[in-house]
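**Student:** Would you mind keeping the following structure in view while I ask a few things?
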Amino acid sequence: MISFAGGELHARRWRTFENLTFIEATGSSNDLARELIDMYFEEDERFPASVLVAESQTGARGRKGRWQAPAGRGLYFTFIREARSGEPLSLIPIAVARWLREALIEATGVPVALKWPNDLYVGRRKLGGILTEARTQGEETYVAVGIGLNVLGSAESVGIPGATTLEEEAGRSFSLAELLQAVLDRLDAELDAPRWAEEVSAWEKASVHHRGDRMTVRREGRELTGQYLGLTEEGFLRLGTASGEAVLANGEVAQW
């Protein structure tokens with residue numbers, strides 16, 4: 001048993017995660033993960049599947065920049081795992097988002113939905129997000145997946161317009177330790193036996209987007225508007241525009 005946030009975590013039943021590390025504060029758990037992977041590359045050693053949990057992050061990052069990660073209010077962690085041969089790396093962000101959604105619904109009852117490419121929403125308010133990065137050397141690739149989730153406090157206390165918390169949406173508080181246990185248990189099980197062929201269809205069913213919805217995607221300083229047509233088998237966004245179908249591997253859905 002491992003103490004965390006006034007509770008305990010049980011890791012013996014995990015099959016994927018080998019290491020679990022708690023940090024009182026760090027700039028960004030993804031930045032730390034990148035440094036650790038590079039260190040193992042330099043030493044030509046295998047990096048064991050690991051989870052880095054931070055009580056707070058002073059430089060938490062999202063796709064649009066900084067994100068709030070104060071101590072005692074949420075779950076902020078990064079897991080690191082070596083990619084298996086032939087694994088579809090582009091599906092990892094949407095798959096992890098879906099696994100996280102399922103764990104949260106089961107643990108809290110809050111109707112969490114998914115916004116492309118890897119945000120978690122309740123209605124029109126953002127609950128959390130995922131930032132996935134890969135590091136490759138030779139034939140080895142490691143994936144670092146950072147997760148930030150607003151758990152405790154009011155939506156207003158987050159300090160970011162359009163954000164919310166599980167406590168705000170459920171009308172009750174939650175144990176950070178119990179919630180982290182539920183999330184890591186689900187991630188560990190899914191990573192042990194992933195079903196990649198099912199992920200796109202499952203994500204589309206859990207999404208806030210519906211075919212035919214009009215949306216605007218911002219990427220590389222430009223905006224593209226069209227109709228949502230679903231995802232490709234790689235997890236990329238299909239957008240029907242006036243000039244034909246566009247396929248987007250990344251971007252920020254600015255309006256939907």
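Labels used: A, B, ... for chains in the order of the structure tokens, numbers from 1 for residues in each chain, and numbers from 1 for ligands as shown.
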Counting only C-alpha atoms, what are the residues of range 127-146 of chain A within 12 Å of range 160-175 of chain A, and for each of them which pair of atoms is the nearest and at what distance in Å, to one decimal? Sort the table by chain and rising number, as JSON lines.

**Tutor:**
```
{"residue": "A:Leu127", "atom": "CA", "partner": "A:Thr164", "partner_atom": "CA", "distance": 5.2}
{"residue": "A:Gly128", "atom": "CA", "partner": "A:Ala163", "partner_atom": "CA", "distance": 8.3}
{"residue": "A:Gly129", "atom": "CA", "partner": "A:Ala163", "partner_atom": "CA", "distance": 10.9}
```

**Student:** So which residues touch range 138-155 of chain A within 8 Å, counting only C-alpha atoms, skipping near sequence neighbours fewer than 2 positions away, as an NGL selection string?

**Tutor:** :A and (29-30 or 33-34 or 37 or 69 or 72-83 or 93 or 127-136 or 157-159 or 163-168 or 173-174 or 176)

**Student:** With only C-alpha atoms as the atoms that count, which of A:Ile94, A:Leu100, A:Ala189, A:Leu229 lies nearest to Lys115 in chain A?

**Tutor:**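 Residue with the minimum atom-to-atom distance to Lys115 in chain A: A:Ile94.
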
**Student:** Tell me which protein, DNA and RNA residues are within 8 Å of Met215 in chain A, counting only C-alpha atoms, leaving out same-chain ones fewer than 2 positions away, and put them as number ranges by chain.

**Tutor:** A: 213, 217, 225-228, 253-256

**Student:** Next, the residues of the selection above should be written as a PDB file, in the first residue's frame with C-alpha atoms.

**Tutor:**
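Dumped to result04.pdb:
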```pdb
ATOM      1  CA  ASP A 213     -22.150  19.346 -36.609  1.00  0.00           C
ATOM      2  CA  VAL A 217     -10.605  23.954 -36.034  1.00  0.00           C
ATOM      3  CA  THR A 225     -14.592  25.480 -40.735  1.00  0.00           C
ATOM      4  CA  GLY A 226     -16.766  22.625 -41.898  1.00  0.00           C
ATOM      5  CA  GLN A 227     -18.969  19.703 -40.896  1.00  0.00           C
ATOM      6  CA  TYR A 228     -17.819  16.955 -38.580  1.00  0.00           C
ATOM      7  CA  VAL A 253     -11.581  22.691 -31.958  1.00  0.00           C
ATOM      8  CA  ALA A 254     -12.262  26.359 -31.328  1.00  0.00           C
ATOM      9  CA  GLN A 255     -16.024  26.351 -32.072  1.00  0.00           C
ATOM     10  CA  TRP A 256     -18.474  23.470 -32.019  1.00  0.00           C
TER      11      TRP A 256
END
```

**Student:** Running DSSP on the backbone, which parts of range 98-145 of chain A land in strand (DSSP E), as a ChimeraX atom specification?

**Tutor:** /A:113-115,119-122,125-137,140-145

**Student:** For Arg186 in chain A, list every protein, DNA or RNA residue within 12 Å, evaluated using only C-alpha atoms, and leave out those in the same chain fewer than 6 positions away; present the list as a PyMOL selection string.

**Tutor:** chain A and resi 13-17+95-107+179-180+192-194

**Student:** Print the selection's residues with N, CA and C atoms to a file, as a compact mmCIF listing (two decimals), in the first residue's frame.

**Tutor:**
```
# COMPACT_ATOMS: atom_id res chain seq x y z
N ARG A 13 -1.79 -5.58 -8.01
CA ARG A 13 -2.55 -6.29 -9.06
C ARG A 13 -2.27 -5.76 -10.46
N TRP A 14 -1.49 -4.69 -10.58
CA TRP A 14 -1.22 -4.14 -11.90
C TRP A 14 -0.34 -5.06 -12.73
N ARG A 15 -0.60 -5.08 -14.02
CA ARG A 15 0.18 -5.91 -14.94
C ARG A 15 1.05 -5.08 -15.87
N THR A 16 0.69 -3.83 -16.08
CA THR A 16 1.44 -2.97 -16.98
C THR A 16 2.42 -2.08 -16.23
N PHE A 17 1.91 -1.32 -15.27
CA PHE A 17 2.74 -0.37 -14.54
C PHE A 17 3.66 -1.10 -13.55
N ALA A 95 -7.66 6.90 -27.31
CA ALA A 95 -7.93 5.71 -26.50
C ALA A 95 -7.81 6.02 -25.02
N VAL A 96 -6.74 6.69 -24.63
CA VAL A 96 -6.55 7.04 -23.22
C VAL A 96 -7.68 7.94 -22.74
N ALA A 97 -8.09 8.89 -23.57
CA ALA A 97 -9.20 9.76 -23.20
C ALA A 97 -10.46 8.94 -22.94
N ARG A 98 -10.71 7.96 -23.80
CA ARG A 98 -11.92 7.14 -23.61
C ARG A 98 -11.81 6.28 -22.36
N TRP A 99 -10.65 5.66 -22.13
CA TRP A 99 -10.48 4.85 -20.93
C TRP A 99 -10.67 5.68 -19.67
N LEU A 100 -10.12 6.89 -19.70
CA LEU A 100 -10.26 7.77 -18.55
C LEU A 100 -11.72 8.15 -18.34
N ARG A 101 -12.41 8.45 -19.42
CA ARG A 101 -13.83 8.77 -19.33
C ARG A 101 -14.62 7.64 -18.68
N GLU A 102 -14.39 6.41 -19.13
CA GLU A 102 -15.13 5.28 -18.58
C GLU A 102 -14.85 5.10 -17.10
N ALA A 103 -13.60 5.27 -16.69
CA ALA A 103 -13.24 5.14 -15.28
C ALA A 103 -13.94 6.21 -14.44
N LEU A 104 -14.00 7.42 -14.95
CA LEU A 104 -14.63 8.52 -14.21
C LEU A 104 -16.14 8.34 -14.09
N ILE A 105 -16.78 7.92 -15.16
CA ILE A 105 -18.22 7.70 -15.10
C ILE A 105 -18.54 6.61 -14.07
N GLU A 106 -17.76 5.54 -14.10
CA GLU A 106 -18.00 4.44 -13.16
C GLU A 106 -17.76 4.87 -11.72
N ALA A 107 -16.74 5.70 -11.50
CA ALA A 107 -16.37 6.09 -10.13
C ALA A 107 -17.22 7.23 -9.58
N LEU A 179 -10.03 7.98 -6.37
CA LEU A 179 -10.23 8.28 -7.78
C LEU A 179 -8.99 7.91 -8.59
N LEU A 180 -7.80 8.21 -8.05
CA LEU A 180 -6.57 7.84 -8.74
C LEU A 180 -6.46 6.32 -8.87
N ASP A 192 -2.64 -3.29 -20.85
CA ASP A 192 -2.17 -4.68 -20.84
C ASP A 192 -2.72 -5.45 -22.04
N ALA A 193 -3.95 -5.14 -22.44
CA ALA A 193 -4.57 -5.86 -23.57
C ALA A 193 -5.40 -4.87 -24.40
N PRO A 194 -4.74 -3.93 -25.08
CA PRO A 194 -5.47 -2.92 -25.86
C PRO A 194 -6.22 -3.52 -27.04
```

**Student:** Within 12 Å of Arg12 in chain A, counting only C-alpha atoms, which residues qualify if same-chain residues fewer than 4 places away don't, as a VMD selection string?

**Tutor:** chain A and resid 1 to 2 16 to 20 181 185 188

**Student:** Okay, now the selection with all heavy atoms, as an mmCIF file, in the first residue's frame?

**Tutor:**
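Output contents, as saved in result_23.cif:
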```
data_model
loop_
_atom_site.group_PDB
_atom_site.id
_atom_site.type_symbol
_atom_site.label_atom_id
_atom_site.label_comp_id
_atom_site.auth_asym_id
_atom_site.auth_seq_id
_atom_site.Cartn_x
_atom_site.Cartn_y
_atom_site.Cartn_z
ATOM 1 N N MET A 1 0.844 -1.202 0.000
ATOM 2 C CA MET A 1 0.000 0.000 0.000
ATOM 3 C C MET A 1 0.876 1.247 0.000
ATOM 4 O O MET A 1 1.911 1.289 0.662
ATOM 5 C CB MET A 1 -0.930 -0.004 1.214
ATOM 6 C CG MET A 1 -1.978 -1.120 1.206
ATOM 7 S SD MET A 1 -3.121 -1.018 2.594
ATOM 8 C CE MET A 1 -1.997 -1.405 3.955
ATOM 9 N N ILE A 2 0.442 2.269 -0.723
ATOM 10 C CA ILE A 2 1.195 3.507 -0.862
ATOM 11 C C ILE A 2 0.291 4.664 -0.456
ATOM 12 O O ILE A 2 -0.845 4.780 -0.926
ATOM 13 C CB ILE A 2 1.662 3.696 -2.313
ATOM 14 C CG1 ILE A 2 2.461 2.468 -2.763
ATOM 15 C CG2 ILE A 2 2.499 4.956 -2.453
ATOM 16 C CD1 ILE A 2 2.741 2.443 -4.236
ATOM 17 N N THR A 16 0.686 -3.832 -16.077
ATOM 18 C CA THR A 16 1.444 -2.965 -16.982
ATOM 19 C C THR A 16 2.417 -2.075 -16.225
ATOM 20 O O THR A 16 3.611 -2.062 -16.506
ATOM 21 C CB THR A 16 0.489 -2.088 -17.811
ATOM 22 O OG1 THR A 16 -0.360 -2.926 -18.604
ATOM 23 C CG2 THR A 16 1.270 -1.156 -18.726
ATOM 24 N N PHE A 17 1.910 -1.324 -15.266
ATOM 25 C CA PHE A 17 2.743 -0.373 -14.539
ATOM 26 C C PHE A 17 3.658 -1.096 -13.549
ATOM 27 O O PHE A 17 3.210 -1.900 -12.739
ATOM 28 C CB PHE A 17 1.869 0.640 -13.792
ATOM 29 C CG PHE A 17 0.992 1.457 -14.693
ATOM 30 C CD1 PHE A 17 -0.344 1.671 -14.382
ATOM 31 C CD2 PHE A 17 1.493 2.009 -15.861
ATOM 32 C CE1 PHE A 17 -1.158 2.428 -15.201
ATOM 33 C CE2 PHE A 17 0.682 2.771 -16.705
ATOM 34 C CZ PHE A 17 -0.644 2.974 -16.370
ATOM 35 N N GLU A 18 4.948 -0.772 -13.629
ATOM 36 C CA GLU A 18 5.948 -1.390 -12.765
ATOM 37 C C GLU A 18 6.432 -0.451 -11.662
ATOM 38 O O GLU A 18 6.823 -0.906 -10.592
ATOM 39 C CB GLU A 18 7.146 -1.852 -13.606
ATOM 40 C CG GLU A 18 6.780 -2.844 -14.694
ATOM 41 C CD GLU A 18 7.950 -3.131 -15.611
ATOM 42 O OE1 GLU A 18 8.998 -3.595 -15.107
ATOM 43 O OE2 GLU A 18 7.834 -2.880 -16.827
ATOM 44 N N ASN A 19 6.432 0.839 -11.951
ATOM 45 C CA ASN A 19 6.890 1.840 -10.983
ATOM 46 C C ASN A 19 5.815 2.890 -10.762
ATOM 47 O O ASN A 19 5.123 3.293 -11.702
ATOM 48 C CB ASN A 19 8.161 2.548 -11.481
ATOM 49 C CG ASN A 19 9.381 1.651 -11.418
ATOM 50 O OD1 ASN A 19 9.407 0.674 -10.683
ATOM 51 N ND2 ASN A 19 10.396 1.999 -12.186
ATOM 52 N N LEU A 20 5.702 3.350 -9.516
ATOM 53 C CA LEU A 20 4.777 4.431 -9.170
ATOM 54 C C LEU A 20 5.551 5.403 -8.289
ATOM 55 O O LEU A 20 6.032 5.036 -7.221
ATOM 56 C CB LEU A 20 3.562 3.883 -8.433
ATOM 57 C CG LEU A 20 2.530 4.894 -7.938
ATOM 58 C CD1 LEU A 20 1.914 5.654 -9.108
ATOM 59 C CD2 LEU A 20 1.432 4.187 -7.133
ATOM 60 N N GLN A 181 -6.860 5.596 -7.828
ATOM 61 C CA GLN A 181 -6.841 4.136 -7.892
ATOM 62 C C GLN A 181 -7.722 3.630 -9.030
ATOM 63 O O GLN A 181 -7.312 2.773 -9.828
ATOM 64 C CB GLN A 181 -7.329 3.548 -6.567
ATOM 65 C CG GLN A 181 -7.333 2.027 -6.512
ATOM 66 C CD GLN A 181 -5.949 1.462 -6.263
ATOM 67 O OE1 GLN A 181 -5.381 1.662 -5.199
ATOM 68 N NE2 GLN A 181 -5.403 0.731 -7.226
ATOM 69 N N ASP A 185 -6.151 1.774 -12.280
ATOM 70 C CA ASP A 185 -6.569 0.387 -12.493
ATOM 71 C C ASP A 185 -7.094 0.206 -13.916
ATOM 72 O O ASP A 185 -6.778 -0.781 -14.595
ATOM 73 C CB ASP A 185 -7.666 -0.004 -11.501
ATOM 74 C CG ASP A 185 -7.134 -0.291 -10.101
ATOM 75 O OD1 ASP A 185 -5.901 -0.326 -9.921
ATOM 76 O OD2 ASP A 185 -7.962 -0.465 -9.181
ATOM 77 N N ASP A 188 -4.196 0.621 -16.514
ATOM 78 C CA ASP A 188 -3.319 -0.545 -16.477
ATOM 79 C C ASP A 188 -3.946 -1.723 -17.217
ATOM 80 O O ASP A 188 -3.272 -2.400 -18.009
ATOM 81 C CB ASP A 188 -3.045 -0.936 -15.019
ATOM 82 C CG ASP A 188 -2.162 -2.165 -14.904
ATOM 83 O OD1 ASP A 188 -0.928 -2.021 -14.967
ATOM 84 O OD2 ASP A 188 -2.715 -3.277 -14.762
#
```

**Student:** For Ala49 in chain A, which of A:Leu36, A:Glu220, A:Gly7, A:Pro117 is the closest residue, counting only C-alpha atoms?

**Tutor:**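 For Ala49 in chain A, the nearest of the given residues is A:Leu36.
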
**Student:** From a DSSP pass on the backbone, collect the residues of range 71-234 of chain A flagged as helix (DSSP H, G or I) and hand them back as a ChimeraX atom specification.

**Tutor:** /A:89-108,155-158,166-170,176-192,196-206
